[in-house]
Every structure is written in structure tokens, then in C-alpha cells.
$ cat start-v4.txt   # compact mmCIF, C-alpha atoms
# COMPACT_ATOMS: atom_id res chain seq x y z
CA MET U 140 4.18 73.06 -20.97
CA SER U 141 2.95 76.27 -19.42
CA TYR U 142 -0.33 77.87 -18.54
CA LYS U 143 -1.42 81.44 -19.09
CA VAL U 144 -4.49 82.91 -17.43
CA GLU U 145 -6.60 84.85 -19.88
CA LEU U 146 -7.56 88.17 -18.29
CA LYS U 147 -10.45 90.23 -19.53
CA GLN U 148 -11.43 93.84 -18.99
CA GLY U 149 -13.28 94.08 -15.68
CA ASP U 150 -11.48 91.18 -14.00
CA ILE U 151 -10.16 91.49 -10.46
CA VAL U 152 -6.66 90.07 -10.15
CA LYS U 153 -3.65 89.96 -7.89
CA VAL U 154 -5.57 90.18 -4.62
CA LYS U 155 -3.24 90.73 -1.69
CA ASN U 156 -4.04 90.99 2.00
CA SER U 157 -2.13 92.37 4.92
CA LYS U 158 -3.29 91.17 8.29
CA VAL U 159 -1.38 91.18 11.53
CA SER U 160 -1.13 88.06 13.71
CA SER U 161 -1.24 90.00 16.96
CA ILE U 162 -2.23 93.50 17.91
CA THR U 163 -2.03 95.90 20.82
CA LYS U 164 -3.66 99.24 21.42
CA GLN U 165 -2.10 101.96 19.29
CA ILE U 166 -2.14 105.57 20.47
CA PRO U 167 -1.61 108.22 17.79
CA THR U 168 0.39 111.38 18.27
CA MET U 169 0.40 114.89 16.81
CA SER U 170 2.62 113.59 13.97
CA TYR U 171 1.66 111.07 11.31
CA VAL U 172 2.46 107.48 12.31
CA THR U 173 1.81 104.34 10.29
CA LEU U 174 -1.25 102.47 11.48
CA THR U 175 -0.25 98.98 12.57
CA GLY U 176 -1.12 96.44 9.88
CA SER U 177 -1.59 99.00 7.12
CA GLU U 178 1.70 98.56 5.27
CA ILE U 179 1.65 96.52 2.10
CA ASP U 180 3.97 96.15 -0.89
CA TYR U 181 2.00 96.02 -4.09
CA GLU U 182 2.82 95.83 -7.79
CA PRO U 183 -0.28 96.07 -10.03
CA GLU U 184 -1.04 93.48 -12.66
CA PRO U 185 0.38 94.71 -15.99
CA GLY U 186 -2.40 96.15 -18.13
CA SER U 187 -4.68 96.95 -15.20
CA THR U 188 -6.55 100.27 -15.04
CA TRP U 189 -7.16 100.78 -11.33
CA VAL U 190 -5.90 99.53 -7.99
CA ILE U 191 -7.98 99.39 -4.81
CA TYR U 192 -6.56 99.91 -1.32
CA ASP U 193 -9.20 98.94 1.24
CA ILE U 194 -8.50 99.24 4.98
CA GLN U 195 -10.63 98.55 8.01
CA PHE U 196 -9.73 99.25 11.63
CA LEU U 197 -11.23 100.14 15.00
CA ALA U 198 -11.07 103.55 16.68
CA HIS U 199 -12.72 105.03 19.74
CA SER U 200 -12.56 108.33 21.56
CA ARG U 201 -9.63 108.35 23.97
CA ASN U 202 -11.10 110.55 26.68
CA SER U 203 -14.78 109.74 26.12
CA GLN U 204 -15.29 113.12 24.46
CA HIS U 205 -14.47 113.63 20.78
CA LEU U 206 -12.83 111.83 17.88
CA GLY U 207 -10.50 113.21 15.19
CA VAL U 208 -8.90 110.69 12.85
CA LEU U 209 -6.74 112.69 10.46
CA SER U 210 -5.22 110.26 7.98
CA VAL U 211 -3.30 109.95 4.74
CA LEU U 212 -2.51 107.10 2.39
CA THR U 213 1.13 107.32 1.35
CA TYR U 214 3.35 105.32 -0.95
CA GLU U 215 7.07 104.83 -1.05
CA GLU U 216 8.71 104.36 -4.41
CA SER U 217 12.45 104.27 -5.04
CA GLY U 218 13.09 105.43 -1.48
CA SER U 219 10.88 108.50 -1.75
CA GLU U 220 7.53 108.87 0.05
CA SER U 221 4.54 110.70 -1.44
CA ASP U 222 1.01 111.37 -0.24
CA PHE U 223 -1.86 109.94 -2.28
CA GLU U 224 -5.08 111.08 -0.56
CA TYR U 225 -6.28 112.29 2.80
CA ARG U 226 -9.28 111.41 4.93
CA TYR U 227 -10.75 112.93 8.07
CA THR U 228 -13.30 111.30 10.35
CA GLY U 229 -14.39 113.28 13.36
CA ASP U 230 -17.20 113.86 15.81
CA GLY U 231 -17.78 116.05 18.84
CA TYR U 232 -19.20 115.37 22.29
CA ASN U 233 -20.18 111.93 21.09
CA ASP U 234 -17.68 109.58 22.77
CA GLY U 235 -17.64 107.88 19.38
CA GLY U 236 -16.53 104.37 18.57
CA TYR U 237 -16.10 103.51 14.92
CA LEU U 238 -15.24 100.50 12.81
CA LEU U 239 -13.67 102.64 10.11
CA ARG U 240 -13.35 101.49 6.53
CA TYR U 241 -11.64 103.61 3.91
CA LYS U 242 -11.39 102.68 0.27
CA PHE U 243 -9.03 104.36 -2.18
CA LEU U 244 -9.25 104.09 -5.96
CA ILE U 245 -5.71 104.45 -7.30
CA PRO U 246 -4.79 104.81 -10.98
CA ALA U 247 -2.70 101.80 -12.00
CA TYR U 248 1.06 102.28 -11.98
CA THR U 249 4.12 100.31 -12.97
CA GLY U 250 6.56 98.72 -10.56
CA SER U 251 6.22 98.10 -6.84
CA ARG U 252 5.20 100.61 -4.19
CA THR U 253 5.00 100.31 -0.43
CA TRP U 254 1.64 101.66 0.73
CA ARG U 255 1.08 102.92 4.28
CA PHE U 256 -1.95 104.39 5.99
CA LYS U 257 -0.85 107.02 8.48
CA THR U 258 -2.89 108.83 11.12
CA ARG U 259 -2.56 111.59 13.68
CA TYR U 260 -4.80 113.79 15.75
CA ALA U 261 -4.98 117.55 15.68
CA ASN U 262 -6.45 119.41 18.60
CA GLY U 263 -5.23 117.88 21.82
CA THR U 264 -5.99 114.57 23.44
CA ASN U 265 -9.68 115.36 23.93
CA TRP U 266 -9.93 115.21 20.12
CA SER U 267 -7.95 112.00 19.77
CA GLN U 268 -8.59 108.28 19.78
CA ASP U 269 -7.14 104.86 20.43
CA TYR U 270 -6.95 102.14 17.80
CA HIS U 271 -7.44 98.36 17.66
CA GLU U 272 -9.12 98.00 21.06
CA ASP U 273 -12.56 98.90 22.30
CA GLU U 274 -13.19 100.57 25.64
CA ASP U 275 -13.20 97.18 27.38
CA GLY U 276 -9.81 96.25 25.91
CA ASN U 277 -11.21 93.83 23.34
CA GLN U 278 -9.16 93.77 20.16
CA TYR U 279 -9.97 94.09 16.48
CA PHE U 280 -7.34 93.15 13.91
CA PRO U 281 -6.87 95.82 11.23
CA SER U 282 -6.83 94.49 7.70
CA VAL U 283 -5.87 95.75 4.26
CA THR U 284 -6.86 94.33 0.89
CA MET U 285 -5.37 95.47 -2.40
CA TYR U 286 -6.25 94.29 -5.89
CA SER U 287 -5.98 95.29 -9.51
CA ILE U 288 -8.89 95.95 -11.85
CA MET U 289 -8.24 95.07 -15.48
CA MET O 443 3.10 74.46 -25.48
CA THR O 444 1.14 77.10 -23.59
CA TYR O 445 -2.42 76.53 -22.48
CA VAL O 446 -4.64 79.58 -22.06
CA ILE O 447 -7.11 79.19 -19.22
CA SER O 448 -9.91 81.53 -18.23
CA ASN O 449 -9.77 83.61 -15.09
CA ASN O 450 -12.28 81.76 -12.91
CA SER O 451 -13.16 84.45 -10.37
CA ASN O 452 -16.82 84.67 -9.41
CA ILE O 453 -16.42 88.46 -9.29
CA TYR O 454 -16.13 89.95 -12.75
CA ASN O 455 -17.14 92.80 -15.05
CA VAL O 456 -15.75 95.36 -12.61
CA GLN O 457 -16.33 98.95 -13.72
CA ALA O 458 -14.67 101.79 -11.83
CA GLN O 459 -14.84 105.56 -12.26
CA LYS O 460 -13.50 108.49 -10.29
CA ALA O 461 -14.16 112.20 -10.48
CA SER O 462 -11.35 114.00 -12.30
CA SER O 463 -12.20 117.24 -10.52
CA ILE O 464 -14.77 118.05 -7.90
CA SER O 465 -16.49 120.92 -6.12
CA SER O 466 -18.18 120.74 -2.75
CA GLN O 467 -21.97 120.39 -2.78
CA THR O 468 -24.09 121.79 0.03
CA GLY O 469 -27.05 119.68 1.10
CA THR O 470 -30.62 120.94 0.77
CA THR O 471 -34.03 119.55 1.64
CA SER O 472 -34.42 118.35 -1.97
CA TYR O 473 -32.57 115.42 -3.47
CA GLN O 474 -29.49 116.25 -5.55
CA ASP O 475 -27.35 114.02 -7.75
CA LEU O 476 -24.10 112.75 -6.32
CA ASP O 477 -21.16 113.41 -8.62
CA THR O 478 -19.65 110.35 -10.35
CA SER O 479 -22.42 108.05 -9.13
CA ASP O 480 -24.06 107.84 -12.58
CA ILE O 481 -23.19 104.73 -14.59
CA THR O 482 -24.68 102.64 -17.35
CA TYR O 483 -23.80 99.09 -16.43
CA THR O 484 -24.14 96.15 -18.75
CA CYS O 485 -25.02 92.91 -17.01
CA ASP O 486 -24.73 89.51 -18.68
CA SER O 487 -26.65 86.30 -18.12
CA SER O 488 -23.94 84.77 -15.90
CA ALA O 489 -24.50 87.27 -13.11
CA SER O 490 -26.65 86.50 -10.09
CA LYS O 491 -26.04 89.79 -8.28
CA VAL O 492 -24.67 93.21 -9.09
CA VAL O 493 -22.83 95.16 -6.40
CA TYR O 494 -22.84 98.96 -6.53
CA GLU O 495 -20.33 100.68 -4.21
CA TYR O 496 -20.08 104.46 -4.10
CA THR O 497 -17.49 106.18 -1.91
CA VAL O 498 -18.00 109.81 -0.90
CA ASN O 499 -17.14 112.26 1.89
CA PHE O 500 -19.59 114.35 3.91
CA VAL O 501 -18.75 116.98 6.52
CA ARG O 502 -20.72 119.35 8.69
CA THR O 503 -21.73 122.84 7.61
CA SER O 504 -23.31 123.48 10.98
CA THR O 505 -22.69 121.86 14.34
CA PHE O 506 -24.62 118.75 13.35
CA GLY O 507 -26.13 117.09 10.32
CA VAL O 508 -27.84 113.93 9.12
CA GLY O 509 -28.28 113.19 5.42
CA SER O 510 -30.31 110.71 3.41
CA ALA O 511 -29.07 108.96 0.28
CA LYS O 512 -30.77 106.70 -2.21
CA LEU O 513 -30.11 104.69 -5.35
CA LEU O 514 -32.07 105.40 -8.52
CA GLU O 515 -32.45 103.72 -11.90
CA TYR O 516 -33.41 105.23 -15.22
CA ASN O 517 -36.71 103.98 -16.63
CA THR O 518 -36.27 103.88 -20.40
CA THR O 519 -40.02 103.45 -20.91
CA THR O 520 -41.03 106.60 -19.06
CA ASN O 521 -37.71 108.35 -19.72
CA SER O 522 -37.43 109.33 -16.08
CA TRP O 523 -35.46 108.45 -12.98
CA GLU O 524 -37.12 106.26 -10.35
CA ASP O 525 -36.08 105.02 -6.93
CA PHE O 526 -34.40 101.66 -7.43
CA SER O 527 -36.40 100.13 -4.59
CA ASN O 528 -37.67 100.95 -1.13
CA SER O 529 -34.68 99.11 0.36
CA THR O 530 -31.90 101.11 -1.29
CA TYR O 531 -31.96 104.09 1.05
CA ALA O 532 -29.31 105.01 3.61
CA SER O 533 -28.83 107.70 6.21
CA PHE O 534 -25.58 109.05 7.62
CA GLY O 535 -24.20 111.71 9.97
CA LEU O 536 -24.80 112.82 13.54
CA ALA O 537 -27.80 114.68 14.93
CA THR O 538 -26.15 115.21 18.31
CA SER O 539 -25.87 118.85 19.29
CA SER O 540 -22.27 119.86 18.44
CA GLY O 541 -21.77 116.44 16.83
CA TYR O 542 -19.53 117.93 14.11
CA SER O 543 -20.05 115.01 11.76
CA ARG O 544 -17.20 114.36 9.31
CA ASN O 545 -16.74 111.02 7.63
CA ASN O 546 -16.03 109.07 4.47
CA TYR O 547 -18.71 106.60 3.46
CA THR O 548 -18.95 103.68 1.06
CA PHE O 549 -22.59 103.00 0.20
CA LYS O 550 -22.92 99.38 -0.90
CA PHE O 551 -26.03 98.01 -2.58
CA VAL O 552 -26.34 94.35 -3.60
CA LEU O 553 -28.86 94.19 -6.44
CA ASP O 554 -30.57 91.37 -8.27
CA SER O 555 -29.00 90.99 -11.70
CA TRP O 556 -30.58 92.02 -14.97
CA THR O 557 -29.83 91.45 -18.63
CA GLY O 558 -28.51 94.28 -20.76
CA ASP O 559 -27.96 97.91 -19.79
CA LYS O 560 -29.23 99.70 -16.72
CA GLN O 561 -28.42 103.28 -15.76
CA LEU O 562 -27.96 103.91 -12.04
CA LYS O 563 -27.09 106.91 -9.90
CA MET O 564 -27.33 108.18 -6.32
CA GLN O 565 -28.93 111.26 -4.82
CA TRP O 566 -28.80 112.81 -1.38
CA LYS O 567 -30.53 115.45 0.71
CA MET O 568 -30.50 116.80 4.23
CA ALA O 569 -32.69 115.22 6.88
CA THR O 570 -31.64 117.63 9.62
CA GLY O 571 -28.83 120.11 10.20
CA GLY O 572 -26.23 120.85 7.56
CA LEU O 573 -23.71 118.79 5.57
CA LYS O 574 -21.75 119.22 2.38
CA ALA O 575 -20.43 116.53 0.08
CA HIS O 576 -16.85 116.04 -1.12
CA HIS O 577 -15.32 118.48 1.37
CA SER O 578 -12.98 117.22 4.11
CA ASP O 579 -13.54 120.02 6.66
CA TYR O 580 -9.77 120.17 6.83
CA VAL O 581 -6.72 117.97 6.62
CA ILE O 582 -3.15 118.31 7.81
CA LEU O 583 -0.71 117.50 5.01
CA ILE O 584 2.34 115.37 5.65
CA ASN O 585 4.46 118.53 5.62
CA ASN O 586 2.34 119.75 8.58
CA ILE O 587 0.48 122.40 6.60
CA SER O 588 -3.24 122.62 7.37
CA ASN O 589 -5.53 122.68 4.33
CA SER O 590 -9.14 123.74 4.98
CA SER O 591 -10.16 123.54 1.31
CA TYR O 592 -9.14 119.94 0.64
CA LEU O 593 -11.68 118.06 -1.48
CA ILE O 594 -12.01 114.28 -1.70
CA LYS O 595 -12.91 112.93 -5.11
CA PRO O 596 -15.80 110.44 -5.02
CA PHE O 597 -15.59 107.18 -6.90
CA LEU O 598 -17.78 104.31 -7.95
CA VAL O 599 -17.08 100.59 -8.31
CA VAL O 600 -19.70 98.26 -9.79
CA TYR O 601 -19.23 94.53 -10.34
CA SER O 602 -21.09 91.33 -11.03
CA ILE O 603 -21.14 88.12 -8.98
CA LYS O 604 -21.74 84.80 -10.71
$ encode --input "start-v4.txt" --output "C-alpha cells"
Amino acid sequence: MSYKVELKQGDIVKVKNSKVSSITKQIPTMSYVTLTGSEIDYEPEPGSTWVIYDIQFLAHSRNSQHLGVLSVLTYEESGSESDFEYRYTGDGYNDGGYLLRYKFLIPAYTGSRTWRFKTRYANGTNWSQDYHEDEDGNQYFPSVTMYSIM
Amino acid sequence: MTYVISNNSNIYNVQAQKASSISSQTGTTSYQDLDTSDITYTCDSSASKVVYEYTVNFVRTSTFGVGSAKLLEYNTTTNSWEDFSNSTYASFGLATSSGYSRNNYTFKFVLDSWTGDKQLKMQWKMATGGLKAHHSDYVILINNISNSSYLIKPFLVVYSIK
């Protein structure tokens, strides 16, 4: 005896989360580095139309001046890495602290890919930020959710 | 023997759409439509709520900028667009001098359900300063090339909750 789940158009299926069990402050560089907790292997449900990658993490201005989160969602497939989409969150003279959430709507694909959210800064440390801790050293766990839309 | 069972998620009827191409849109003091935010969504009697989530990028055109956005519905009796309610407005950006606002936003509205079709869309305008939609300001590609014309395609996800 076996069971088969009947999926309909518009269903959300194959929900997968990536969440770290511990975290420390992460300091970006002038080159793209994978944000801690952002990596996830995901194979869409066959027959799905879209896939969502949804990430949330904490960032605050490093030197109490500006913020410049340059970022890219990448995927690795068959040993080759490609960029999917870029984001840029920035402010000036604001000493900004942000609970950043980025959603990506990805056309469904076949097979498994390893997704990574990578960030860097651009214009010197006054335009950079620290991740996962607030200015008092309190931590926020980054989290990623992926799912398929039928 | 194989038994077929229904998917029992309380989130269902998910509709998603994404711009296939996009141009930047400069904010004005009058409301303008937001690209790809327009949808006709069919709600069934099982739904208690409908969630409308629109993701879009706004960046500065001057040193600062604050925008206003709102959700609208199409009134099929008057054949005109109306504000969905007085609680489906949002503002975004930075008014700080030299605030250089650049960010990606997901506007999320949780709406009471309805039966049948309803057409929804979003509009935005400037409250102060200058912003443009869909532009990124600039990005640095993974091959280290800077791209100051990079555009971010908006998308919409709407779903029902039982």
C-alpha cells in the first residue's frame, strides 16, 4: 500500500528551512562572501512553476556612519556557480540598523542546486556593516526558507 | 494499492507573477501604478484571509527620498479603481539629509477574504525628495564589474489562508 499526495495548482510544497544553531558577528569584505546561514540545497517539486528563496538577517553600520549591503543570490549546479539576482541596500549618515528581508522569485528548474546569498561592501569601511549582532552584541539568527509553488 | 490524499496545507491558491522586462520609474507627486502589481485573484469560500505580497526596489534620485504606496481594488460597479481601505497604505525611504535611501521592499497586506474575482494593484508617489522604482542605484557583479544600470524585476505573490 502506498500514499500519493494530490497536488493542485497554487499549492505550496517542499518547504525547506536553513537555520544555524549558533552565530557570531560576521564582517564582510570587499569581495563577495557567503552570508552565514544562507546556504541551502534545494530541488524543486516536479511540476512546480516557481521557487521562493526568502532570507532574513540583521545588519548595522560598522562605524556608526553609513550602510552599503551589496548582495547577490547565487546557485551552484554541476560544480559551476552562477549569479541569479542582485540587491543593494544602503543609507548615508544614518548609522542604520536593519532587519533585512529579501525575497527572490525563481523560475522552477530541474535537479538540485546549492543556493548561497553573498554580500560585500563597496566604498571603504565607513560604507560597510556588521551582520548577525546589534551594536550591543546581541545576536539574531539568520534564516532562509525555500519552497515550491505548483 | 495507492491511496491519493489531498495536500492539507492551510496556505493554498498561490498565484505568482514577475515582470519579464522592466524600466525604471521616477516618482512624482501623483500616484502611479507599480509594474506587475496588478492581478485578478479568485478567492473561494474556504479562505479566511488573502495575503498580497509585492516585492519592489526603490533607490534615491536625490540625496534623500520618502515614498508612499497603497493598495487599490477595482470597483466593477463604478468601473473605477478605489483605495482598498484606509489601512493599506505604507511609506518607505529616508528623509535624512544625504540619507541616500536604497532598499528592496516586500509590501504585505493581509486582507479579509471575498468570494469570486477581485482585481488588485498598487500605486506609489513621492512624499518628499526623490526616488525611482526598479533601479538598484548600482551593483557589483560577481566578476567585480560595477553595473550602474542594473534593474530589479518586481514580483507579486498572492495566496489564501484557510
$ closest_atom_pairs --input "start-v4.txt" --of "chain O" --to "chain U" --cutoff "6 Å" --atoms "all atoms listed in the file" --output "tab-separated table"
residue	atom	partner	partner_atom	distance
O:Met443	CA	U:Met140	CA	4.8
O:Thr444	CA	U:Ser141	CA	4.6
O:Tyr445	CA	U:Tyr142	CA	4.7
O:Val446	CA	U:Lys143	CA	4.8
O:Ile447	CA	U:Val144	CA	4.9
O:Ser448	CA	U:Glu145	CA	5.0
O:Asn449	CA	U:Val144	CA	5.8
O:Tyr454	CA	U:Asp150	CA	5.0
O:Asn455	CA	U:Gly149	CA	4.1
O:Val456	CA	U:Gly149	CA	4.1
O:Ser540	CA	U:Gly231	CA	5.9
O:Gly541	CA	U:Gly231	CA	4.5
O:Tyr542	CA	U:Asp230	CA	5.0
O:Ser543	CA	U:Asp230	CA	5.1
O:Arg544	CA	U:Gly229	CA	5.0
O:Asn545	CA	U:Thr228	CA	4.4
$ atom_distance --input "start-v4.txt" --atom1 "CA of Ser187 in chain U" --atom2 "CA of Ser287 in chain U"
6.1 Å
$ atom_distance --input "start-v4.txt" --atom1 "CA of Phe256 in chain U" --atom2 "CA of Leu212 in chain U"
4.5 Å
$ atom_distance --input "start-v4.txt" --atom1 "CA of Tyr494 in chain O" --atom2 "CA of Thr468 in chain O"
23.8 Å
$ residues_around --input "start-v4.txt" --residues "range 532-538 of chain O" --least-positions-apart "6" --cutoff "12 Å" --atoms "all atoms listed in the file" --output "PyMOL selection string"
(chain U and resi 228-235) or (chain O and resi 498-513+544-551+564-575)
$ closest_residue --input "start-v4.txt" --among "O:Val599, O:Ile594, O:Cys485, O:Ala458" --to "Ser555 in chain O" --atoms "all atoms listed in the file"
O:Cys485
$ residues_around --input "start-v4.txt" --residues "Asp525 in chain O" --least-positions-apart "2" --cutoff "9 Å" --atoms "only C-alpha atoms" --output "PyMOL selection string"
chain O and resi 512-516+523+527-528+530
$ residues_near_point --input "start-v4.txt" --point "(-8.2, 126.1, 7.2)" --cutoff "9 Å" --atoms "all atoms listed in the file" --output "list in words"
Asp579, Tyr580, Val581, Ser588, Asn589, Ser590 and Ser591 of chain O
$ write_last_selection --input "start-v4.txt" --atoms "C-alpha atoms" --output "tab-separated table (two decimals), in the frame of the given file"
chain	number	residue	atom	x	y	z
O	579	ASP	CA	-13.54	120.02	6.66
O	580	TYR	CA	-9.77	120.17	6.83
O	581	VAL	CA	-6.72	117.97	6.62
O	588	SER	CA	-3.24	122.62	7.37
O	589	ASN	CA	-5.53	122.68	4.33
O	590	SER	CA	-9.14	123.74	4.98
O	591	SER	CA	-10.16	123.54	1.31
$ residues_around --input "start-v4.txt" --residues "Lys560 in chain O" --least-positions-apart "3" --cutoff "9 Å" --atoms "all atoms listed in the file" --output "ChimeraX atom specification"
/O:481-485,515-518,556-557
$ build_atoms --input "start-v4.txt" --residues "range 231-266 of chain U" --atoms "N, CA and C atoms" --output "compact mmCIF listing (two decimals), in the frame of the given file"
# COMPACT_ATOMS: atom_id res chain seq x y z
N GLY U 231 -17.95 115.24 17.64
CA GLY U 231 -17.78 116.05 18.84
C GLY U 231 -18.79 115.67 19.90
N TYR U 232 -18.32 115.63 21.14
CA TYR U 232 -19.20 115.37 22.29
C TYR U 232 -20.04 114.11 22.09
N ASN U 233 -19.42 113.11 21.48
CA ASN U 233 -20.18 111.93 21.09
C ASN U 233 -19.59 110.65 21.66
N ASP U 234 -18.36 110.75 22.24
CA ASP U 234 -17.68 109.58 22.77
C ASP U 234 -17.74 108.45 21.74
N GLY U 235 -17.40 108.79 20.49
CA GLY U 235 -17.64 107.88 19.38
C GLY U 235 -16.72 106.67 19.32
N GLY U 236 -17.30 105.56 18.91
CA GLY U 236 -16.53 104.37 18.57
C GLY U 236 -16.88 104.00 17.14
N TYR U 237 -15.87 103.74 16.34
CA TYR U 237 -16.10 103.51 14.92
C TYR U 237 -15.31 102.30 14.43
N LEU U 238 -15.97 101.47 13.61
CA LEU U 238 -15.24 100.50 12.81
C LEU U 238 -15.06 101.18 11.46
N LEU U 239 -13.90 101.80 11.28
CA LEU U 239 -13.67 102.64 10.11
C LEU U 239 -13.22 101.80 8.92
N ARG U 240 -13.79 102.12 7.76
CA ARG U 240 -13.35 101.49 6.53
C ARG U 240 -13.13 102.58 5.49
N TYR U 241 -11.94 102.64 4.96
CA TYR U 241 -11.64 103.61 3.91
C TYR U 241 -11.21 102.85 2.67
N LYS U 242 -11.81 103.22 1.55
CA LYS U 242 -11.39 102.68 0.27
C LYS U 242 -10.73 103.79 -0.54
N PHE U 243 -9.72 103.42 -1.29
CA PHE U 243 -9.03 104.36 -2.18
C PHE U 243 -8.97 103.74 -3.57
N LEU U 244 -9.33 104.53 -4.57
CA LEU U 244 -9.25 104.09 -5.96
C LEU U 244 -8.02 104.76 -6.57
N ILE U 245 -7.03 103.95 -6.90
CA ILE U 245 -5.71 104.45 -7.30
C ILE U 245 -5.50 104.14 -8.78
N PRO U 246 -5.13 105.13 -9.59
CA PRO U 246 -4.79 104.81 -10.98
C PRO U 246 -3.64 103.79 -11.02
N ALA U 247 -3.73 102.83 -11.94
CA ALA U 247 -2.70 101.80 -12.00
C ALA U 247 -1.33 102.43 -12.30
N TYR U 248 -0.30 101.79 -11.82
CA TYR U 248 1.06 102.28 -11.98
C TYR U 248 1.96 101.10 -12.30
N THR U 249 3.18 101.38 -12.68
CA THR U 249 4.12 100.31 -12.97
C THR U 249 5.12 100.17 -11.83
N GLY U 250 5.59 98.96 -11.61
CA GLY U 250 6.56 98.72 -10.56
C GLY U 250 5.89 98.52 -9.22
N SER U 251 6.72 98.37 -8.19
CA SER U 251 6.22 98.10 -6.84
C SER U 251 6.26 99.37 -5.99
N ARG U 252 5.24 99.52 -5.17
CA ARG U 252 5.20 100.61 -4.19
C ARG U 252 4.88 100.01 -2.82
N THR U 253 5.37 100.67 -1.80
CA THR U 253 5.00 100.31 -0.43
C THR U 253 3.97 101.32 0.06
N TRP U 254 2.76 100.80 0.32
CA TRP U 254 1.64 101.66 0.73
C TRP U 254 1.51 101.64 2.26
N ARG U 255 1.28 102.81 2.82
CA ARG U 255 1.08 102.92 4.28
C ARG U 255 -0.07 103.88 4.56
N PHE U 256 -0.87 103.52 5.54
CA PHE U 256 -1.95 104.39 5.99
C PHE U 256 -1.50 105.01 7.30
N LYS U 257 -1.39 106.33 7.32
CA LYS U 257 -0.85 107.02 8.48
C LYS U 257 -1.93 107.90 9.12
N THR U 258 -1.89 108.01 10.43
CA THR U 258 -2.89 108.83 11.12
C THR U 258 -2.23 109.70 12.19
N ARG U 259 -2.95 110.71 12.58
CA ARG U 259 -2.56 111.59 13.68
C ARG U 259 -3.83 112.23 14.24
N TYR U 260 -3.69 112.97 15.31
CA TYR U 260 -4.80 113.79 15.75
C TYR U 260 -4.36 115.24 15.71
N ALA U 261 -5.29 116.17 15.98
CA ALA U 261 -4.98 117.55 15.68
C ALA U 261 -5.07 118.50 16.86
N ASN U 262 -6.10 118.34 17.67
CA ASN U 262 -6.45 119.41 18.60
C ASN U 262 -6.36 119.01 20.06
N GLY U 263 -5.34 118.28 20.43
CA GLY U 263 -5.23 117.88 21.82
C GLY U 263 -5.90 116.54 22.07
N THR U 264 -5.58 115.95 23.20
CA THR U 264 -5.99 114.57 23.44
C THR U 264 -7.50 114.41 23.57
N ASN U 265 -8.22 115.49 23.88
CA ASN U 265 -9.68 115.36 23.93
C ASN U 265 -10.27 115.14 22.53
N TRP U 266 -9.51 115.44 21.50
CA TRP U 266 -9.93 115.21 20.12
C TRP U 266 -9.11 114.09 19.50
